[in-house]
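Asker: Structure below; questions to follow.
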Amino acid sequence: MYQTQTAPARQPRYKISAAATPARKKKTKRTAVLLSVAALLLIVLLALSPARYAAACLEGVSLWAKAVLPSLFPFFILTALLTKLGAAETLADKLSPLTKKCKLPGAAAYCFLLSILSGYPVGSRIIADLAGSGAVSAKQAARMSVLCSTSGPMFLIGSVGGAMFGSAKAGAILLASHILAVLLVCLAFVPLLKPLPEPPPKKYAPSADNILYESVYGAVISILCVGGFIAAFYVLSLALADLHIPWLPEQLFGLLFPQEIAEGLCAGLLEATHGCALLAAGGGRFALPAAAFCVTFGGACILCQQLGYLKSAGVKAAPFIGIKALQGTAAFLLCFGLCAAFGME
């Protein structure tokens, strides 16, 4: 007697957990539909003005090649080497008494230091590497993610302060307000946090075998992803402007700030570097504090780059973005106060 073989059930394109509620399933499908419509609309815009959008994409690639690639690529290689050789664990053992008071793992100090020196998104990449190796848990990675998420001095003092605002002093104020805002917001949440158990210690036996190749290979993939995000958001920014979508948030920001600041803030919500350039060109006493908000919050482009790494470490997007918004607001206020104190109005 032959058994009839039934065709396997077709797997849905978007996987939904069996435990998901009907409301959650409906929300997931609705999100997929909205994203599909947005993608189709963008395809139509690209088809109608291919040369214009190609120029925007090329502008993003040019920025990546001239500024981001030379400044980030060496750090990607070196931080990967340090992590694979066990430097994070060595430093964690020495600093764990200090970090435990902040209810963070010892590796947080190592990650924070390299994030400050290197800038976005090196800290997030290190967290992903540490979580992947089992050095930190998902909950520890979530706590570290908002602390080890900073821009670097090369970008803030050199690019934004010196090149855009024409003042190294402005860049120094920007850097100080940025780092202080990240630290103060994180410390404010410490009393609300519960201590987390440390993952079981792992014995590392550093070896030079294949580590250089793996570090370079990982760095190449990472830096190409960063370039792809920058180019994509340059195209997206132009598309949104063509559709007049930024008009409403510009009007809302315009209730609090001059029009030039409102436009710069809207651009910074999408891409921080573009927003800082517009703010510097507009000038005024709110320009530098608004730039502090943009670089600390990060904008959608930098947030997507970071979350691309952090999602693999189990970090949820909504809390991370919410804390970054708080840090951006704190940076604005701190920078405004520092500008007044040092005569930068």
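In the structure tokens, each chain is lettered A, B, ... as it comes, each chain's residues begin at 1, and ligands are numbered from 1 in order of appearance.
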Could you go through segment 1-156 of chain A and tell me which residues DSSP, when run on the backbone, assigns to alpha helix (DSSP H), listing them as a ChimeraX atom specification?
Answerer: /A:22-48,50-63,69-84,87-101,107-118,122-133,138-147,153
Asker: Leaving out Ala87 of chain A and any residue of its chain fewer than 2 positions from it, which residues lie within 12 Å of it when counting only C-alpha atoms, given as a count of residues only?
Answerer: 26
Asker: Counting only C-alpha atoms, what is within 12 Å of segment 211-222 of chain A, bar same-chain residues fewer than 4 positions away, as an MDAnalysis selection string?
Answerer: chainID A and resid 68:69 72:86 120:122 124:126 128:129 206:207 226:229 305:306 308:309
Asker: With N, CA, C and O atoms retained, could you export that selection as a tab-separated table (two decimals), in the first residue's frame?
Answerer:
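This went into part_6.tsv:
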chain	number	residue	atom	x	y	z
A	68	VAL	N	35.47	58.06	6.20
A	68	VAL	CA	35.14	56.95	7.09
A	68	VAL	C	36.12	55.79	6.92
A	68	VAL	O	36.64	55.25	7.90
A	69	LEU	N	36.39	55.39	5.68
A	69	LEU	CA	37.26	54.24	5.43
A	69	LEU	C	38.64	54.40	6.05
A	69	LEU	O	39.09	53.52	6.80
A	72	LEU	N	38.24	54.51	10.14
A	72	LEU	CA	37.64	53.40	10.86
A	72	LEU	C	38.28	52.05	10.56
A	72	LEU	O	38.39	51.19	11.44
A	73	PHE	N	38.69	51.82	9.31
A	73	PHE	CA	39.16	50.50	8.91
A	73	PHE	C	40.32	49.99	9.76
A	73	PHE	O	40.30	48.85	10.23
A	74	PRO	N	41.37	50.81	10.02
A	74	PRO	CA	42.44	50.31	10.89
A	74	PRO	C	41.95	49.95	12.30
A	74	PRO	O	42.40	48.96	12.89
A	75	PHE	N	40.99	50.74	12.82
A	75	PHE	CA	40.46	50.45	14.16
A	75	PHE	C	39.68	49.14	14.16
A	75	PHE	O	39.71	48.39	15.13
A	76	PHE	N	38.96	48.86	13.09
A	76	PHE	CA	38.23	47.59	12.99
A	76	PHE	C	39.19	46.41	13.09
A	76	PHE	O	38.92	45.42	13.77
A	77	ILE	N	40.31	46.50	12.38
A	77	ILE	CA	41.28	45.41	12.40
A	77	ILE	C	41.92	45.27	13.79
A	77	ILE	O	41.98	44.18	14.37
A	78	LEU	N	42.38	46.40	14.34
A	78	LEU	CA	43.12	46.36	15.61
A	78	LEU	C	42.23	45.95	16.78
A	78	LEU	O	42.67	45.19	17.65
A	79	THR	N	40.99	46.45	16.82
A	79	THR	CA	40.11	46.06	17.92
A	79	THR	C	39.72	44.59	17.83
A	79	THR	O	39.59	43.92	18.86
A	80	ALA	N	39.56	44.09	16.60
A	80	ALA	CA	39.28	42.66	16.44
A	80	ALA	C	40.46	41.82	16.93
A	80	ALA	O	40.29	40.79	17.60
A	81	LEU	N	41.68	42.25	16.61
A	81	LEU	CA	42.87	41.55	17.07
A	81	LEU	C	42.94	41.54	18.60
A	81	LEU	O	43.19	40.49	19.22
A	82	LEU	N	42.72	42.70	19.22
A	82	LEU	CA	42.78	42.78	20.67
A	82	LEU	C	41.74	41.88	21.33
A	82	LEU	O	42.01	41.20	22.32
A	83	THR	N	40.52	41.88	20.77
A	83	THR	CA	39.45	41.07	21.35
A	83	THR	C	39.77	39.59	21.22
A	83	THR	O	39.59	38.81	22.17
A	84	LYS	N	40.25	39.17	20.05
A	84	LYS	CA	40.55	37.76	19.82
A	84	LYS	C	41.75	37.29	20.65
A	84	LYS	O	41.86	36.11	20.99
A	85	LEU	N	42.65	38.20	20.96
A	85	LEU	CA	43.83	37.85	21.76
A	85	LEU	C	43.57	37.89	23.26
A	85	LEU	O	44.47	37.66	24.05
A	86	GLY	N	42.35	38.23	23.65
A	86	GLY	CA	41.97	38.18	25.06
A	86	GLY	C	42.25	39.44	25.85
A	86	GLY	O	42.21	39.42	27.08
A	120	TYR	N	31.86	55.65	16.40
A	120	TYR	CA	30.84	54.73	15.87
A	120	TYR	C	31.43	53.96	14.70
A	120	TYR	O	32.17	54.52	13.89
A	121	PRO	N	31.00	52.69	14.50
A	121	PRO	CA	30.25	51.81	15.39
A	121	PRO	C	31.16	50.76	16.03
A	121	PRO	O	30.76	49.62	16.21
A	122	VAL	N	32.40	51.15	16.35
A	122	VAL	CA	33.39	50.19	16.87
A	122	VAL	C	32.92	49.56	18.18
A	122	VAL	O	33.05	48.34	18.38
A	124	SER	N	29.91	48.97	19.28
A	124	SER	CA	28.86	47.97	19.04
A	124	SER	C	29.45	46.69	18.45
A	124	SER	O	29.00	45.59	18.77
A	125	ARG	N	30.44	46.84	17.59
A	125	ARG	CA	31.07	45.67	16.99
A	125	ARG	C	31.81	44.85	18.05
A	125	ARG	O	31.76	43.61	18.03
A	126	ILE	N	32.48	45.52	18.99
A	126	ILE	CA	33.19	44.81	20.05
A	126	ILE	C	32.19	44.06	20.94
A	126	ILE	O	32.43	42.92	21.34
A	128	ALA	N	29.31	42.87	20.07
A	128	ALA	CA	28.86	41.70	19.32
A	128	ALA	C	29.91	40.58	19.37
A	128	ALA	O	29.56	39.40	19.53
A	129	ASP	N	31.19	40.96	19.26
A	129	ASP	CA	32.26	39.96	19.33
A	129	ASP	C	32.32	39.31	20.72
A	129	ASP	O	32.48	38.08	20.84
A	206	PRO	N	45.43	32.56	23.59
A	206	PRO	CA	45.66	33.34	22.39
A	206	PRO	C	46.67	32.66	21.47
A	206	PRO	O	47.68	32.12	21.91
A	207	SER	N	46.38	32.67	20.21
A	207	SER	CA	47.26	32.10	19.20
A	207	SER	C	47.23	32.97	17.97
A	207	SER	O	46.20	33.55	17.63
A	226	VAL	N	29.25	49.54	6.58
A	226	VAL	CA	29.14	50.96	6.96
A	226	VAL	C	28.98	51.82	5.72
A	226	VAL	O	28.13	52.72	5.67
A	227	GLY	N	29.79	51.57	4.70
A	227	GLY	CA	29.67	52.34	3.46
A	227	GLY	C	28.32	52.16	2.79
A	227	GLY	O	27.75	53.12	2.25
A	228	GLY	N	27.81	50.93	2.83
A	228	GLY	CA	26.49	50.70	2.26
A	228	GLY	C	25.39	51.47	2.97
A	228	GLY	O	24.50	52.04	2.32
A	229	PHE	N	25.46	51.53	4.30
A	229	PHE	CA	24.48	52.29	5.06
A	229	PHE	C	24.55	53.78	4.72
A	229	PHE	O	23.53	54.43	4.54
A	305	GLN	N	23.53	51.11	11.78
A	305	GLN	CA	24.84	50.47	11.77
A	305	GLN	C	25.09	49.76	13.10
A	305	GLN	O	25.55	48.61	13.14
A	306	GLN	N	24.79	50.45	14.21
A	306	GLN	CA	25.03	49.86	15.52
A	306	GLN	C	24.12	48.67	15.77
A	306	GLN	O	24.55	47.62	16.26
A	308	GLY	N	22.82	46.75	13.69
A	308	GLY	CA	23.21	45.61	12.87
A	308	GLY	C	24.14	44.66	13.63
A	308	GLY	O	24.08	43.44	13.44
A	309	TYR	N	24.99	45.21	14.49
A	309	TYR	CA	25.85	44.39	15.34
A	309	TYR	C	25.13	43.96	16.62
A	309	TYR	O	25.22	42.81	17.05
Asker: Between atom CA of Pro246 of chain A and atom CA of Leu270 of chain A, measure the distance and give it in Å to one decimal.
Answerer: 10.1 Å
Asker: Smallest atom-to-atom distance to Ile302 of chain A: which of A:Trp247, A:Tyr53, A:Trp64, A:Phe233, using only C-alpha atoms?
Answerer: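 Going through A:Trp247, A:Tyr53, A:Trp64, A:Phe233 one by one, the smallest distance to Ile302 of chain A is for A:Phe233.
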Asker: Of the candidates A:Leu175, A:Ala108, A:Cys186, A:Ala141, which shows the shortest atom-to-atom distance to Thr296 of chain A, using only C-alpha atoms?
Answerer: A:Leu175
Asker: Applying 9 Å and only C-alpha atoms, which residues near Leu265 of chain A remain after dropping the ones on its own chain fewer than 5 positions away? List them as a PyMOL selection string.
Answerer: chain A and resi 250+253+260+270+272+275-276+278-279+290-291+293-294
Asker: Output the selection as a PDB file, in the first residue's frame - C-alpha atoms for each residue.
Answerer:
ATOM      1  CA  GLU A 250      10.696  70.884  10.547  1.00  0.00           C
ATOM      2  CA  PHE A 253      11.226  72.018  15.536  1.00  0.00           C
ATOM      3  CA  GLU A 260      18.014  76.858   9.965  1.00  0.00           C
ATOM      4  CA  LEU A 270      18.434  60.795   9.496  1.00  0.00           C
ATOM      5  CA  ALA A 272      24.254  63.038  11.675  1.00  0.00           C
ATOM      6  CA  GLY A 275      22.809  67.556   9.930  1.00  0.00           C
ATOM      7  CA  CYS A 276      25.977  68.952  11.536  1.00  0.00           C
ATOM      8  CA  LEU A 278      23.674  72.287   7.866  1.00  0.00           C
ATOM      9  CA  LEU A 279      23.764  73.462  11.488  1.00  0.00           C
ATOM     10  CA  ALA A 290      21.945  70.952  18.208  1.00  0.00           C
ATOM     11  CA  ALA A 291      25.029  69.337  16.654  1.00  0.00           C
ATOM     12  CA  PHE A 293      22.286  66.243  20.002  1.00  0.00           C
ATOM     13  CA  CYS A 294      22.775  64.895  16.459  1.00  0.00           C
TER      14      CYS A 294
END
Asker: Quick one: everything within 12 Å of Ala170 of chain A, counting only C-alpha atoms, minus sequence neighbours fewer than 5 positions away in the same chain. Send it as an NGL selection string.
Answerer: :A and (156-165 or 175-177 or 280 or 285 or 287-289 or 291-292 or 335-336 or 338-340 or 342-345)
Asker: Applying 8 Å and only C-alpha atoms, which residues near Met144 of chain A remain after dropping the ones on its own chain fewer than 2 positions away? List them as a ChimeraX atom specification.
Answerer: /A:104,108,127,140-142,146-148
Asker: Export N, CA and C atoms of the chosen residues as a PDB file, in the first residue's frame?
Answerer:
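New file part21.pdb:
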ATOM      1  N   LEU A 104      27.967  46.666  35.826  1.00  0.00           N
ATOM      2  CA  LEU A 104      28.397  46.334  34.472  1.00  0.00           C
ATOM      3  C   LEU A 104      29.518  45.316  34.539  1.00  0.00           C
ATOM      4  N   ALA A 108      33.133  46.120  30.040  1.00  0.00           N
ATOM      5  CA  ALA A 108      32.528  47.395  29.650  1.00  0.00           C
ATOM      6  C   ALA A 108      33.567  48.510  29.602  1.00  0.00           C
ATOM      7  N   ILE A 127      31.066  44.700  21.256  1.00  0.00           N
ATOM      8  CA  ILE A 127      30.037  44.045  22.072  1.00  0.00           C
ATOM      9  C   ILE A 127      29.542  42.780  21.379  1.00  0.00           C
ATOM     10  N   GLN A 140      23.915  41.769  29.775  1.00  0.00           N
ATOM     11  CA  GLN A 140      25.098  42.603  29.954  1.00  0.00           C
ATOM     12  C   GLN A 140      25.395  43.390  28.688  1.00  0.00           C
ATOM     13  N   ALA A 141      25.217  42.761  27.545  1.00  0.00           N
ATOM     14  CA  ALA A 141      25.433  43.452  26.267  1.00  0.00           C
ATOM     15  C   ALA A 141      24.469  44.620  26.111  1.00  0.00           C
ATOM     16  N   ALA A 142      23.220  44.446  26.565  1.00  0.00           N
ATOM     17  CA  ALA A 142      22.234  45.521  26.470  1.00  0.00           C
ATOM     18  C   ALA A 142      22.653  46.721  27.324  1.00  0.00           C
ATOM     19  N   VAL A 146      24.516  51.080  25.454  1.00  0.00           N
ATOM     20  CA  VAL A 146      24.261  52.519  25.520  1.00  0.00           C
ATOM     21  C   VAL A 146      25.444  53.293  26.083  1.00  0.00           C
ATOM     22  N   LEU A 147      26.351  52.601  26.785  1.00  0.00           N
ATOM     23  CA  LEU A 147      27.563  53.240  27.290  1.00  0.00           C
ATOM     24  C   LEU A 147      28.660  53.246  26.224  1.00  0.00           C
ATOM     25  N   CYS A 148      28.796  52.138  25.540  1.00  0.00           N
ATOM     26  CA  CYS A 148      29.869  51.982  24.543  1.00  0.00           C
ATOM     27  C   CYS A 148      29.369  52.378  23.164  1.00  0.00           C
TER      28      CYS A 148
END
Asker: With distances taken over only C-alpha atoms, which residue among A:Val295, A:Ile323, A:Cys102, A:Ala341 lies nearest Pro191 of chain A?
Answerer: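 Looking only at the distances to Pro191 of chain A, the closest residue turns out to be A:Cys102.
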Asker: Ranking A:Leu326, A:Leu41, A:Leu183, A:Ile223 by minimum distance to Leu243 of chain A and counting only C-alpha atoms, which one comes first?
Answerer: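 Nearest candidate to Leu243 of chain A out of A:Leu326, A:Leu41, A:Leu183, A:Ile223: A:Leu41.
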Asker: By how many Å are atom CA of Tyr234 of chain A and atom CA of Thr31 of chain A apart?
Answerer: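 Computing the Euclidean distance for atom CA of Tyr234 of chain A and atom CA of Thr31 of chain A yields 23.1 Å.
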Asker: Under the rule that only C-alpha atoms are counted, which of A:Ser149, A:Phe257, A:Val190, A:Gln251 is the nearest residue to Phe297 of chain A?
Answerer: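 Closest to Phe297 of chain A, using only C-alpha atoms: A:Ser149.
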Asker: Give the answer as one residue: which of A:Ala241, A:Leu333, A:Ala138, A:Gly283 has the shortest atom-to-atom distance to Ile261 of chain A, using only C-alpha atoms?
Answerer: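 Of A:Ala241, A:Leu333, A:Ala138, A:Gly283, the one nearest Ile261 of chain A, counting only C-alpha atoms, is A:Gly283.
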